[in-house]
Amino acid sequence: AASRKKLFHLIVLWTTLAVSKSFSSVQVQSRSGHAEQRRSQSLFAEVSDLSGSETMVYDLMGELNTSQFAFRIIVVGGGAILESTNMMGPIMKLNKSPKSGEHLITLASEDQSFEFHLKVSKVSNVNFTEKKTEEKTLRIIRLTNDNKEPICSLILADYSTKASEWFSALADKYDLNN
């Protein structure tokens, strides 16, 4: 009965946090069972909170989200490489990091078994590249920081004419190096 009561309180707390647009503190149960106040910042953000370049990145990610195309997502850093092929959605959210306060775009699968989080302010350059191999043409979107260091590469995993035309139109609209 005690564990059901704790579960109920956690569900109520989660629901309160999910519905609330902002909050300055929440009351949580500590491991010792004592109630304590924890400061927290708003987890939600509005597009109007973004700078001009951040809005451009948000708009680009929105186009990837609604494209219905899958991407090979490659992230290299800190001694590890992560590669995964997924659609960039259908879920797209703009939040603030609870730790840093930075704006994060989250693109996720319906069941959220796949989530891609992007720190919007870190993206300084967007580059669209086509690389021909013997078998196919790779269409790559590279996001880099101020030092031209890679944040991630997004390789269009569809090689159809429709995908190629979509990629070209996107490159004309968003490539910061044009």
# chains A, B, ... in the order shown; residues from 1 in each chain; ligands from 1
>>> residues_around(residues="range 138-147 of chain A", least_positions_apart="5", cutoff="7 Å", atoms="only C-alpha atoms", output="ChimeraX atom specification")
/A:122-132,152-156
>>> write_last_selection(atoms="N, CA, C and O atoms", output="JSON list (two decimals), in the first residue's frame")
[["chain", "number", "residue", "atom", "x", "y", "z"],
["A", 122, "LYS", "N", 24.32, 25.86, -30.06],
["A", 122, "LYS", "CA", 25.63, 25.34, -30.43],
["A", 122, "LYS", "C", 25.81, 25.26, -31.94],
["A", 122, "LYS", "O", 26.93, 25.16, -32.43],
["A", 123, "VAL", "N", 24.71, 25.29, -32.70],
["A", 123, "VAL", "CA", 24.79, 25.15, -34.15],
["A", 123, "VAL", "C", 25.11, 26.51, -34.77],
["A", 123, "VAL", "O", 24.34, 27.45, -34.68],
["A", 124, "SER", "N", 26.29, 26.61, -35.38],
["A", 124, "SER", "CA", 26.71, 27.84, -36.03],
["A", 124, "SER", "C", 26.71, 27.73, -37.54],
["A", 124, "SER", "O", 26.62, 28.73, -38.25],
["A", 125, "ASN", "N", 26.87, 26.51, -38.03],
["A", 125, "ASN", "CA", 26.95, 26.28, -39.47],
["A", 125, "ASN", "C", 26.11, 25.09, -39.86],
["A", 125, "ASN", "O", 26.09, 24.07, -39.17],
["A", 126, "VAL", "N", 25.44, 25.23, -41.00],
["A", 126, "VAL", "CA", 24.69, 24.14, -41.60],
["A", 126, "VAL", "C", 25.22, 24.00, -43.02],
["A", 126, "VAL", "O", 25.26, 24.97, -43.77],
["A", 127, "ASN", "N", 25.66, 22.79, -43.35],
["A", 127, "ASN", "CA", 26.23, 22.56, -44.67],
["A", 127, "ASN", "C", 25.54, 21.36, -45.31],
["A", 127, "ASN", "O", 25.38, 20.33, -44.67],
["A", 128, "PHE", "N", 25.13, 21.53, -46.56],
["A", 128, "PHE", "CA", 24.51, 20.46, -47.32],
["A", 128, "PHE", "C", 25.53, 19.98, -48.35],
["A", 128, "PHE", "O", 26.07, 20.77, -49.10],
["A", 129, "THR", "N", 25.77, 18.67, -48.37],
["A", 129, "THR", "CA", 26.78, 18.10, -49.25],
["A", 129, "THR", "C", 26.20, 16.88, -49.96],
["A", 129, "THR", "O", 25.46, 16.10, -49.35],
["A", 130, "GLU", "N", 26.57, 16.72, -51.22],
["A", 130, "GLU", "CA", 26.27, 15.49, -51.94],
["A", 130, "GLU", "C", 27.60, 14.81, -52.25],
["A", 130, "GLU", "O", 28.51, 15.42, -52.78],
["A", 131, "LYS", "N", 27.69, 13.54, -51.86],
["A", 131, "LYS", "CA", 28.92, 12.77, -52.08],
["A", 131, "LYS", "C", 28.55, 11.52, -52.88],
["A", 131, "LYS", "O", 27.79, 10.67, -52.41],
["A", 132, "LYS", "N", 29.09, 11.46, -54.09],
["A", 132, "LYS", "CA", 28.79, 10.33, -54.97],
["A", 132, "LYS", "C", 29.73, 9.17, -54.68],
["A", 132, "LYS", "O", 30.94, 9.34, -54.56],
["A", 152, "CYS", "N", 26.84, 16.99, -35.54],
["A", 152, "CYS", "CA", 26.29, 15.74, -36.07],
["A", 152, "CYS", "C", 26.22, 15.82, -37.59],
["A", 152, "CYS", "O", 26.29, 16.90, -38.17],
["A", 153, "SER", "N", 26.09, 14.65, -38.19],
["A", 153, "SER", "CA", 25.82, 14.54, -39.62],
["A", 153, "SER", "C", 24.51, 13.79, -39.78],
["A", 153, "SER", "O", 24.27, 12.79, -39.09],
["A", 154, "LEU", "N", 23.68, 14.26, -40.68],
["A", 154, "LEU", "CA", 22.38, 13.64, -40.95],
["A", 154, "LEU", "C", 22.38, 13.25, -42.42],
["A", 154, "LEU", "O", 22.36, 14.12, -43.30],
["A", 155, "ILE", "N", 22.44, 11.96, -42.69],
["A", 155, "ILE", "CA", 22.51, 11.46, -44.06],
["A", 155, "ILE", "C", 21.12, 10.98, -44.47],
["A", 155, "ILE", "O", 20.55, 10.09, -43.82],
["A", 156, "LEU", "N", 20.60, 11.57, -45.52],
["A", 156, "LEU", "CA", 19.29, 11.17, -46.03],
["A", 156, "LEU", "C", 19.35, 9.70, -46.45],
["A", 156, "LEU", "O", 20.18, 9.32, -47.27]]
>>> select_by_dssp(residues="range 13-175 of chain A", states="helix (DSSP H, G or I)", output="PyMOL selection string")
chain A and resi 13-19+47-49+52-66+120-122+161-174
>>> residues_around(residues="Thr85 in chain A", least_positions_apart="6", cutoff="7 Å", atoms="only C-alpha atoms", output="PDB file with all heavy atoms, in the first residue's frame")
ATOM      1  N   ALA A  70      13.737   9.014 -43.614  1.00  0.00           N
ATOM      2  CA  ALA A  70      14.636   8.537 -42.573  1.00  0.00           C
ATOM      3  C   ALA A  70      16.027   9.125 -42.814  1.00  0.00           C
ATOM      4  O   ALA A  70      16.390   9.451 -43.947  1.00  0.00           O
ATOM      5  CB  ALA A  70      14.705   7.012 -42.575  1.00  0.00           C
ATOM      6  N   PHE A  71      16.786   9.278 -41.731  1.00  0.00           N
ATOM      7  CA  PHE A  71      18.145   9.810 -41.789  1.00  0.00           C
ATOM      8  C   PHE A  71      19.079   8.899 -41.024  1.00  0.00           C
ATOM      9  O   PHE A  71      18.722   8.357 -39.982  1.00  0.00           O
ATOM     10  CB  PHE A  71      18.207  11.215 -41.167  1.00  0.00           C
ATOM     11  CG  PHE A  71      17.471  12.243 -41.951  1.00  0.00           C
ATOM     12  CD1 PHE A  71      16.112  12.422 -41.783  1.00  0.00           C
ATOM     13  CD2 PHE A  71      18.135  13.017 -42.885  1.00  0.00           C
ATOM     14  CE1 PHE A  71      15.429  13.362 -42.527  1.00  0.00           C
ATOM     15  CE2 PHE A  71      17.461  13.952 -43.633  1.00  0.00           C
ATOM     16  CZ  PHE A  71      16.097  14.126 -43.454  1.00  0.00           C
ATOM     17  N   ARG A  72      20.282   8.746 -41.533  1.00  0.00           N
ATOM     18  CA  ARG A  72      21.362   8.096 -40.791  1.00  0.00           C
ATOM     19  C   ARG A  72      21.970   9.208 -39.958  1.00  0.00           C
ATOM     20  O   ARG A  72      22.543  10.170 -40.497  1.00  0.00           O
ATOM     21  CB  ARG A  72      22.399   7.500 -41.752  1.00  0.00           C
ATOM     22  CG  ARG A  72      23.489   6.750 -41.067  1.00  0.00           C
ATOM     23  CD  ARG A  72      23.006   5.392 -40.668  1.00  0.00           C
ATOM     24  NE  ARG A  72      24.068   4.618 -40.039  1.00  0.00           N
ATOM     25  CZ  ARG A  72      23.825   3.583 -39.279  1.00  0.00           C
ATOM     26  NH1 ARG A  72      22.582   3.203 -39.074  1.00  0.00           N
ATOM     27  NH2 ARG A  72      24.808   2.920 -38.726  1.00  0.00           N
ATOM     28  N   ILE A  73      21.822   9.129 -38.662  1.00  0.00           N
ATOM     29  CA  ILE A  73      22.279  10.169 -37.738  1.00  0.00           C
ATOM     30  C   ILE A  73      23.615   9.727 -37.167  1.00  0.00           C
ATOM     31  O   ILE A  73      23.725   8.631 -36.605  1.00  0.00           O
ATOM     32  CB  ILE A  73      21.250  10.385 -36.611  1.00  0.00           C
ATOM     33  CG1 ILE A  73      19.885  10.724 -37.214  1.00  0.00           C
ATOM     34  CG2 ILE A  73      21.727  11.451 -35.637  1.00  0.00           C
ATOM     35  CD1 ILE A  73      18.731  10.410 -36.310  1.00  0.00           C
TER      36      ILE A  73
END
>>> closest_residue(among="A:Gly79, A:Tyr159, A:Ser51, A:Ser109", to="Glu135 in chain A", atoms="only C-alpha atoms")
A:Tyr159
>>> decode(residues="range 77-93 of chain A", atoms="all heavy atoms", output="CSV table (one decimal), in the first residue's frame")
chain,number,residue,atom,x,y,z
A,77,GLY,N,31.9,12.0,-30.6
A,77,GLY,CA,32.5,12.8,-29.6
A,77,GLY,C,32.9,12.0,-28.4
A,77,GLY,O,32.4,10.9,-28.1
A,78,GLY,N,33.9,12.5,-27.7
A,78,GLY,CA,34.3,12.0,-26.4
A,78,GLY,C,34.7,10.5,-26.5
A,78,GLY,O,34.5,9.8,-25.5
A,79,GLY,N,35.3,10.0,-27.6
A,79,GLY,CA,35.7,8.7,-27.6
A,79,GLY,C,34.7,7.7,-28.1
A,79,GLY,O,34.9,6.5,-28.0
A,80,ALA,N,33.5,8.1,-28.5
A,80,ALA,CA,32.5,7.2,-29.0
A,80,ALA,C,31.8,7.8,-30.2
A,80,ALA,O,31.9,9.0,-30.5
A,80,ALA,CB,31.4,7.1,-27.9
A,81,ILE,N,31.3,6.9,-31.0
A,81,ILE,CA,30.5,7.2,-32.2
A,81,ILE,C,29.2,6.6,-32.1
A,81,ILE,O,29.1,5.4,-31.9
A,81,ILE,CB,31.3,6.7,-33.5
A,81,ILE,CG1,32.6,7.4,-33.6
A,81,ILE,CG2,30.4,7.0,-34.7
A,81,ILE,CD1,33.5,6.8,-34.7
A,82,LEU,N,28.1,7.4,-32.3
A,82,LEU,CA,26.8,6.9,-32.3
A,82,LEU,C,26.2,7.0,-33.7
A,82,LEU,O,26.2,8.1,-34.3
A,82,LEU,CB,25.9,7.6,-31.3
A,82,LEU,CG,24.4,7.3,-31.3
A,82,LEU,CD1,24.2,5.8,-30.8
A,82,LEU,CD2,23.7,8.2,-30.4
A,83,GLU,N,25.7,5.9,-34.3
A,83,GLU,CA,25.0,5.9,-35.6
A,83,GLU,C,23.7,5.2,-35.4
A,83,GLU,O,23.6,4.2,-34.8
A,83,GLU,CB,25.9,5.2,-36.6
A,83,GLU,CG,27.2,5.9,-36.9
A,83,GLU,CD,27.9,5.2,-38.1
A,83,GLU,OE1,27.3,4.6,-39.0
A,83,GLU,OE2,29.1,5.3,-38.1
A,84,SER,N,22.7,5.8,-36.0
A,84,SER,CA,21.3,5.3,-36.0
A,84,SER,C,20.6,5.8,-37.1
A,84,SER,O,20.7,6.9,-37.5
A,84,SER,CB,20.7,5.7,-34.6
A,84,SER,OG,19.4,5.2,-34.6
A,85,THR,N,19.7,4.9,-37.7
A,85,THR,CA,18.9,5.4,-38.8
A,85,THR,C,17.5,5.4,-38.3
A,85,THR,O,16.9,4.4,-37.9
A,85,THR,CB,19.0,4.4,-40.0
A,85,THR,OG1,20.4,4.3,-40.4
A,85,THR,CG2,18.1,4.9,-41.2
A,86,ASN,N,16.9,6.6,-38.4
A,86,ASN,CA,15.5,6.9,-37.9
A,86,ASN,C,14.9,8.0,-38.7
A,86,ASN,O,15.6,8.9,-39.2
A,86,ASN,CB,15.6,7.3,-36.4
A,86,ASN,CG,16.0,6.1,-35.5
A,86,ASN,OD1,15.2,5.2,-35.3
A,86,ASN,ND2,17.2,6.1,-35.0
A,87,MET,N,13.6,8.0,-38.6
A,87,MET,CA,12.8,9.2,-39.0
A,87,MET,C,13.0,10.3,-37.9
A,87,MET,O,13.2,9.9,-36.7
A,87,MET,CB,11.4,8.9,-39.2
A,87,MET,CG,11.2,7.9,-40.4
A,87,MET,SD,9.5,7.6,-40.9
A,87,MET,CE,9.0,9.2,-41.4
A,88,MET,N,12.9,11.5,-38.2
A,88,MET,CA,13.1,12.6,-37.2
A,88,MET,C,11.7,13.0,-36.7
A,88,MET,O,11.3,14.1,-36.8
A,88,MET,CB,13.8,13.8,-37.8
A,88,MET,CG,15.1,13.5,-38.4
A,88,MET,SD,16.2,13.0,-37.0
A,88,MET,CE,17.4,14.3,-37.2
A,89,GLY,N,11.0,12.0,-36.1
A,89,GLY,CA,9.7,12.3,-35.6
A,89,GLY,C,8.9,11.1,-35.4
A,89,GLY,O,9.4,10.0,-35.5
A,90,PRO,N,7.6,11.3,-35.2
A,90,PRO,CA,6.8,12.4,-35.4
A,90,PRO,C,6.8,13.5,-34.4
A,90,PRO,O,6.2,14.5,-34.6
A,90,PRO,CB,5.4,11.8,-35.6
A,90,PRO,CG,5.4,10.6,-34.6
A,90,PRO,CD,6.8,10.1,-34.7
A,91,ILE,N,7.4,13.2,-33.2
A,91,ILE,CA,7.4,14.1,-32.1
A,91,ILE,C,8.5,15.2,-32.3
A,91,ILE,O,9.6,14.8,-32.6
A,91,ILE,CB,7.5,13.4,-30.8
A,91,ILE,CG1,6.3,12.5,-30.5
A,91,ILE,CG2,7.7,14.4,-29.6
A,91,ILE,CD1,6.4,11.6,-29.4
A,92,MET,N,8.1,16.4,-32.1
A,92,MET,CA,9.1,17.5,-32.1
A,92,MET,C,8.8,18.5,-31.0
A,92,MET,O,7.6,18.9,-30.9
A,92,MET,CB,9.2,18.3,-33.4
A,92,MET,CG,10.2,19.4,-33.4
A,92,MET,SD,10.4,20.1,-35.1
A,92,MET,CE,11.5,21.5,-34.7
A,93,LYS,N,9.7,18.7,-30.1
A,93,LYS,CA,9.5,19.6,-28.9
A,93,LYS,C,10.6,20.6,-28.8
A,93,LYS,O,11.8,20.3,-29.2
A,93,LYS,CB,9.4,18.8,-27.6
A,93,LYS,CG,8.3,17.8,-27.6
A,93,LYS,CD,8.2,17.2,-26.2
A,93,LYS,CE,9.0,15.9,-26.2
A,93,LYS,NZ,9.0,15.2,-25.0
